[in-house]
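Below is one structure, written out as structure tokens; the observations come after it.
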Amino acid sequence: MSDKKSVLILNQHAPYGTSYARDALDVALTCSIFEMPVSLAFLGDGLFQLLKNQNTEQTGHKNIESMLSALPMYDIDQVFICSEDLETNALSESDLALPVQIISQSSLSNLIDSHDTVLTF
């Protein structure tokens, strides 16, 4: 990694009902603008932020899929999920809107240790 501080953002909440998902993505994009290496991990209910074709029409919330699709333009391509979360929710990689790196729950601490700053949403 570069001499800039690396940032890992842990997303642990469902995509709607709170501002956590949007706030996390806003922070990720802001850090990237300042050329900080950014990684995202979607854990537990946070995995649902990555689902394709989310229909938010009846919830009154803006769909976050468009923000997710902008991540590669900001050089944010380190996106992690835990294999156990996929299994627990009966999902596969093809259900997700972004390419991800699948890690085990036991290797999550290594991912956290490899970053200078960790933010949790």
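Starting from 1 in every chain, residues are counted up; chains themselves are A, B, ... following the order of the structure tokens, and ligands are numbered from 1 as listed.
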
- Task: List the neighbours of Val100 in chain A out to 8 Å using only C-alpha atoms; skip same-chain residues closer than 3 positions along the sequence, and give me the result as a ChimeraX atom specification.
- Result: /A:78-81,93

Please tabulate, as JSON lines, the residues of range 72-112 of chain A that come within 10 Å of range 17-37 of chain A, each with its closest pair of atoms and the distance in Å to one decimal, counting only C-alpha atoms and ordering rows by chain, then residue number upward.
```
{"residue": "A:Met73", "atom": "CA", "partner": "A:Leu29", "partner_atom": "CA", "distance": 9.7}
{"residue": "A:Tyr74", "atom": "CA", "partner": "A:Ser32", "partner_atom": "CA", "distance": 6.1}
{"residue": "A:Asp75", "atom": "CA", "partner": "A:Ser32", "partner_atom": "CA", "distance": 7.2}
{"residue": "A:Ile76", "atom": "CA", "partner": "A:Ser32", "partner_atom": "CA", "distance": 7.3}
{"residue": "A:Asp77", "atom": "CA", "partner": "A:Pro37", "partner_atom": "CA", "distance": 9.7}
{"residue": "A:Gln78", "atom": "CA", "partner": "A:Pro37", "partner_atom": "CA", "distance": 9.1}
```

Could you write out the selected residues, including C-alpha atoms, as a CSV table (one decimal), in the first residue's frame?
```csv
chain,number,residue,atom,x,y,z
A,73,MET,CA,-14.5,4.8,-10.6
A,74,TYR,CA,-13.1,5.9,-7.3
A,75,ASP,CA,-10.5,3.0,-7.3
A,76,ILE,CA,-12.4,1.2,-4.6
A,77,ASP,CA,-12.1,-2.4,-5.6
A,78,GLN,CA,-11.3,-4.1,-2.4
```

- Would you please give, as a PyMOL selection string, all residues of range 20-83 of chain A that DSSP assigns to strand (DSSP E or B) based on the backbone? chain A and resi 38-42+51+78-82

Take the residues from that selection and put them in a file with all heavy atoms, as an mmCIF file, in the first residue's frame.
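Output file again.cif is given in full below:
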```cif
data_model
loop_
_atom_site.group_PDB
_atom_site.id
_atom_site.type_symbol
_atom_site.label_atom_id
_atom_site.label_comp_id
_atom_site.auth_asym_id
_atom_site.auth_seq_id
_atom_site.Cartn_x
_atom_site.Cartn_y
_atom_site.Cartn_z
ATOM 1 N N VAL A 38 -8.840 2.433 0.220
ATOM 2 C CA VAL A 38 -10.073 2.096 0.930
ATOM 3 C C VAL A 38 -10.483 0.665 0.607
ATOM 4 O O VAL A 38 -10.490 0.256 -0.551
ATOM 5 C CB VAL A 38 -11.218 3.050 0.530
ATOM 6 C CG1 VAL A 38 -12.526 2.657 1.213
ATOM 7 C CG2 VAL A 38 -10.858 4.487 0.847
ATOM 8 N N SER A 39 -10.831 -0.064 1.653
ATOM 9 C CA SER A 39 -11.415 -1.395 1.514
ATOM 10 C C SER A 39 -12.758 -1.379 2.223
ATOM 11 O O SER A 39 -12.949 -0.652 3.202
ATOM 12 C CB SER A 39 -10.526 -2.458 2.165
ATOM 13 O OG SER A 39 -9.254 -2.482 1.574
ATOM 14 N N LEU A 40 -13.682 -2.179 1.718
ATOM 15 C CA LEU A 40 -15.000 -2.298 2.323
ATOM 16 C C LEU A 40 -15.249 -3.753 2.678
ATOM 17 O O LEU A 40 -14.920 -4.651 1.899
ATOM 18 C CB LEU A 40 -16.091 -1.838 1.354
ATOM 19 C CG LEU A 40 -16.053 -0.385 0.902
ATOM 20 C CD1 LEU A 40 -17.006 -0.168 -0.267
ATOM 21 C CD2 LEU A 40 -16.442 0.516 2.051
ATOM 22 N N ALA A 41 -15.833 -3.987 3.833
ATOM 23 C CA ALA A 41 -16.263 -5.333 4.214
ATOM 24 C C ALA A 41 -17.741 -5.246 4.574
ATOM 25 O O ALA A 41 -18.159 -4.356 5.313
ATOM 26 C CB ALA A 41 -15.450 -5.852 5.384
ATOM 27 N N PHE A 42 -18.524 -6.142 4.018
ATOM 28 C CA PHE A 42 -19.953 -6.202 4.268
ATOM 29 C C PHE A 42 -20.218 -7.460 5.071
ATOM 30 O O PHE A 42 -20.049 -8.577 4.566
ATOM 31 C CB PHE A 42 -20.728 -6.197 2.947
ATOM 32 C CG PHE A 42 -20.578 -4.903 2.201
ATOM 33 C CD1 PHE A 42 -19.501 -4.697 1.347
ATOM 34 C CD2 PHE A 42 -21.500 -3.884 2.363
ATOM 35 C CE1 PHE A 42 -19.352 -3.492 0.663
ATOM 36 C CE2 PHE A 42 -21.351 -2.669 1.681
ATOM 37 C CZ PHE A 42 -20.277 -2.487 0.836
ATOM 38 N N LEU A 51 -26.890 -6.654 -2.568
ATOM 39 C CA LEU A 51 -27.800 -7.396 -3.437
ATOM 40 C C LEU A 51 -28.141 -6.620 -4.699
ATOM 41 O O LEU A 51 -28.356 -5.408 -4.660
ATOM 42 C CB LEU A 51 -29.088 -7.750 -2.694
ATOM 43 C CG LEU A 51 -28.950 -8.766 -1.578
ATOM 44 C CD1 LEU A 51 -30.302 -9.003 -0.912
ATOM 45 C CD2 LEU A 51 -28.356 -10.065 -2.077
ATOM 46 N N GLN A 78 -11.489 -3.168 -3.417
ATOM 47 C CA GLN A 78 -11.267 -4.144 -2.354
ATOM 48 C C GLN A 78 -12.560 -4.274 -1.548
ATOM 49 O O GLN A 78 -12.796 -3.520 -0.606
ATOM 50 C CB GLN A 78 -10.110 -3.703 -1.451
ATOM 51 C CG GLN A 78 -8.777 -3.594 -2.161
ATOM 52 C CD GLN A 78 -8.288 -4.981 -2.577
ATOM 53 O OE1 GLN A 78 -8.160 -5.887 -1.766
ATOM 54 N NE2 GLN A 78 -8.022 -5.136 -3.857
ATOM 55 N N VAL A 79 -13.402 -5.211 -1.954
ATOM 56 C CA VAL A 79 -14.694 -5.420 -1.316
ATOM 57 C C VAL A 79 -14.719 -6.851 -0.795
ATOM 58 O O VAL A 79 -14.527 -7.799 -1.561
ATOM 59 C CB VAL A 79 -15.857 -5.177 -2.304
ATOM 60 C CG1 VAL A 79 -17.202 -5.429 -1.641
ATOM 61 C CG2 VAL A 79 -15.791 -3.764 -2.873
ATOM 62 N N PHE A 80 -14.951 -6.992 0.499
ATOM 63 C CA PHE A 80 -14.877 -8.291 1.158
ATOM 64 C C PHE A 80 -16.222 -8.678 1.775
ATOM 65 O O PHE A 80 -16.963 -7.823 2.258
ATOM 66 C CB PHE A 80 -13.828 -8.258 2.288
ATOM 67 C CG PHE A 80 -12.453 -7.958 1.810
ATOM 68 C CD1 PHE A 80 -11.996 -6.642 1.739
ATOM 69 C CD2 PHE A 80 -11.594 -8.978 1.424
ATOM 70 C CE1 PHE A 80 -10.715 -6.356 1.296
ATOM 71 C CE2 PHE A 80 -10.309 -8.698 0.975
ATOM 72 C CZ PHE A 80 -9.868 -7.385 0.916
ATOM 73 N N ILE A 81 -16.489 -9.975 1.745
ATOM 74 C CA ILE A 81 -17.622 -10.550 2.468
ATOM 75 C C ILE A 81 -17.144 -11.847 3.099
ATOM 76 O O ILE A 81 -16.138 -12.417 2.679
ATOM 77 C CB ILE A 81 -18.842 -10.814 1.560
ATOM 78 C CG1 ILE A 81 -18.494 -11.823 0.466
ATOM 79 C CG2 ILE A 81 -19.367 -9.517 0.963
ATOM 80 C CD1 ILE A 81 -19.685 -12.324 -0.309
ATOM 81 N N CYS A 82 -17.875 -12.308 4.086
ATOM 82 C CA CYS A 82 -17.534 -13.580 4.735
ATOM 83 C C CYS A 82 -18.361 -14.708 4.122
ATOM 84 O O CYS A 82 -19.568 -14.558 3.907
ATOM 85 C CB CYS A 82 -17.793 -13.511 6.237
ATOM 86 S SG CYS A 82 -16.596 -12.504 7.115
#
```

- Task: List every residue of chain A that DSSP, applied to the backbone, labels as alpha helix (DSSP H), and write the result as a PyMOL selection string.
- Result: chain A and resi 20-33+65-70+83-88+108-113

Residues from last step as file, N, CA and C atoms, as a CSV table (one decimal), in the first residue's frame:
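Writing the result to selection-v3.csv gives the following:
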```
chain,number,residue,atom,x,y,z
A,20,TYR,N,-26.8,4.3,8.0
A,20,TYR,CA,-25.5,3.7,8.1
A,20,TYR,C,-24.9,3.4,6.7
A,21,ALA,N,-25.7,2.7,5.8
A,21,ALA,CA,-25.2,2.3,4.5
A,21,ALA,C,-24.7,3.5,3.7
A,22,ARG,N,-25.5,4.5,3.6
A,22,ARG,CA,-25.2,5.7,2.8
A,22,ARG,C,-24.0,6.4,3.4
A,23,ASP,N,-24.0,6.5,4.7
A,23,ASP,CA,-22.9,7.2,5.4
A,23,ASP,C,-21.6,6.5,5.2
A,24,ALA,N,-21.6,5.2,5.2
A,24,ALA,CA,-20.4,4.4,5.0
A,24,ALA,C,-19.9,4.6,3.6
A,25,LEU,N,-20.8,4.6,2.6
A,25,LEU,CA,-20.4,4.8,1.2
A,25,LEU,C,-19.9,6.2,1.0
A,26,ASP,N,-20.5,7.2,1.7
A,26,ASP,CA,-20.0,8.6,1.6
A,26,ASP,C,-18.6,8.7,2.1
A,27,VAL,N,-18.3,8.1,3.2
A,27,VAL,CA,-17.0,8.1,3.8
A,27,VAL,C,-16.0,7.4,2.9
A,28,ALA,N,-16.4,6.3,2.3
A,28,ALA,CA,-15.5,5.6,1.4
A,28,ALA,C,-15.1,6.5,0.2
A,29,LEU,N,-16.1,7.1,-0.4
A,29,LEU,CA,-15.8,7.9,-1.5
A,29,LEU,C,-15.0,9.1,-1.1
A,30,THR,N,-15.2,9.7,0.0
A,30,THR,CA,-14.5,10.9,0.5
A,30,THR,C,-13.0,10.5,0.7
A,31,CYS,N,-12.8,9.4,1.4
A,31,CYS,CA,-11.4,8.9,1.6
A,31,CYS,C,-10.7,8.7,0.3
A,32,SER,N,-11.4,8.1,-0.7
A,32,SER,CA,-10.8,7.8,-2.0
A,32,SER,C,-10.4,9.1,-2.7
A,33,ILE,N,-11.2,10.1,-2.6
A,33,ILE,CA,-10.9,11.4,-3.2
A,33,ILE,C,-9.6,12.0,-2.7
A,65,GLU,N,-27.7,1.0,-4.9
A,65,GLU,CA,-26.9,0.3,-5.9
A,65,GLU,C,-26.2,1.2,-6.8
A,66,SER,N,-26.7,2.4,-7.1
A,66,SER,CA,-26.0,3.3,-8.0
A,66,SER,C,-24.7,3.8,-7.3
A,67,MET,N,-24.8,4.0,-6.0
A,67,MET,CA,-23.5,4.4,-5.3
A,67,MET,C,-22.5,3.3,-5.3
A,68,LEU,N,-23.0,2.1,-5.1
A,68,LEU,CA,-22.1,0.9,-5.2
A,68,LEU,C,-21.4,0.8,-6.6
A,69,SER,N,-22.2,1.1,-7.6
A,69,SER,CA,-21.7,0.9,-9.0
A,69,SER,C,-20.6,2.0,-9.3
A,70,ALA,N,-20.5,3.1,-8.5
A,70,ALA,CA,-19.5,4.1,-8.7
A,70,ALA,C,-18.2,3.8,-8.0
A,83,SER,N,-17.7,-15.8,3.9
A,83,SER,CA,-18.4,-17.0,3.3
A,83,SER,C,-19.5,-17.4,4.2
A,84,GLU,N,-19.3,-17.3,5.5
A,84,GLU,CA,-20.4,-17.8,6.4
A,84,GLU,C,-21.7,-16.9,6.2
A,85,ASP,N,-21.5,-15.6,5.9
A,85,ASP,CA,-22.7,-14.8,5.7
A,85,ASP,C,-23.4,-15.2,4.5
A,86,LEU,N,-22.7,-15.5,3.4
A,86,LEU,CA,-23.4,-16.0,2.2
A,86,LEU,C,-24.2,-17.3,2.5
A,87,GLU,N,-23.5,-18.2,3.2
A,87,GLU,CA,-24.2,-19.5,3.5
A,87,GLU,C,-25.4,-19.3,4.4
A,88,THR,N,-25.3,-18.5,5.5
A,88,THR,CA,-26.4,-18.2,6.4
A,88,THR,C,-27.6,-17.7,5.7
A,108,LEU,N,-11.1,-12.6,9.2
A,108,LEU,CA,-11.5,-11.2,9.3
A,108,LEU,C,-10.5,-10.4,10.2
A,109,SER,N,-10.0,-11.0,11.3
A,109,SER,CA,-9.1,-10.2,12.1
A,109,SER,C,-7.8,-9.9,11.4
A,110,ASN,N,-7.4,-10.7,10.5
A,110,ASN,CA,-6.2,-10.4,9.7
A,110,ASN,C,-6.5,-9.2,8.7
A,111,LEU,N,-7.7,-9.2,8.2
A,111,LEU,CA,-8.0,-8.1,7.3
A,111,LEU,C,-8.1,-6.8,8.1
A,112,ILE,N,-8.6,-6.8,9.3
A,112,ILE,CA,-8.7,-5.6,10.1
A,112,ILE,C,-7.2,-5.2,10.5
A,113,ASP,N,-6.4,-6.1,10.9
A,113,ASP,CA,-5.0,-5.8,11.3
A,113,ASP,C,-4.2,-5.2,10.1
```

- For CA of His115 in chain A and CA of Val7 in chain A, the interatomic separation in Å (one decimal): 5.9 Å

- Between A:Pro99, A:Lys4, A:Ala90, A:Gln105, which one has atoms that come closest to Lys52 in chain A, using only C-alpha atoms? A:Pro99

- Taking only C-alpha atoms into account, which of A:Ala14, A:Asp45, A:Ser107, A:Asn63 comes nearest Asn89 in chain A? A:Asp45

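The space between CA of Ala97 in chain A and CA of Asn11 in chain A spans 15.3 Å.
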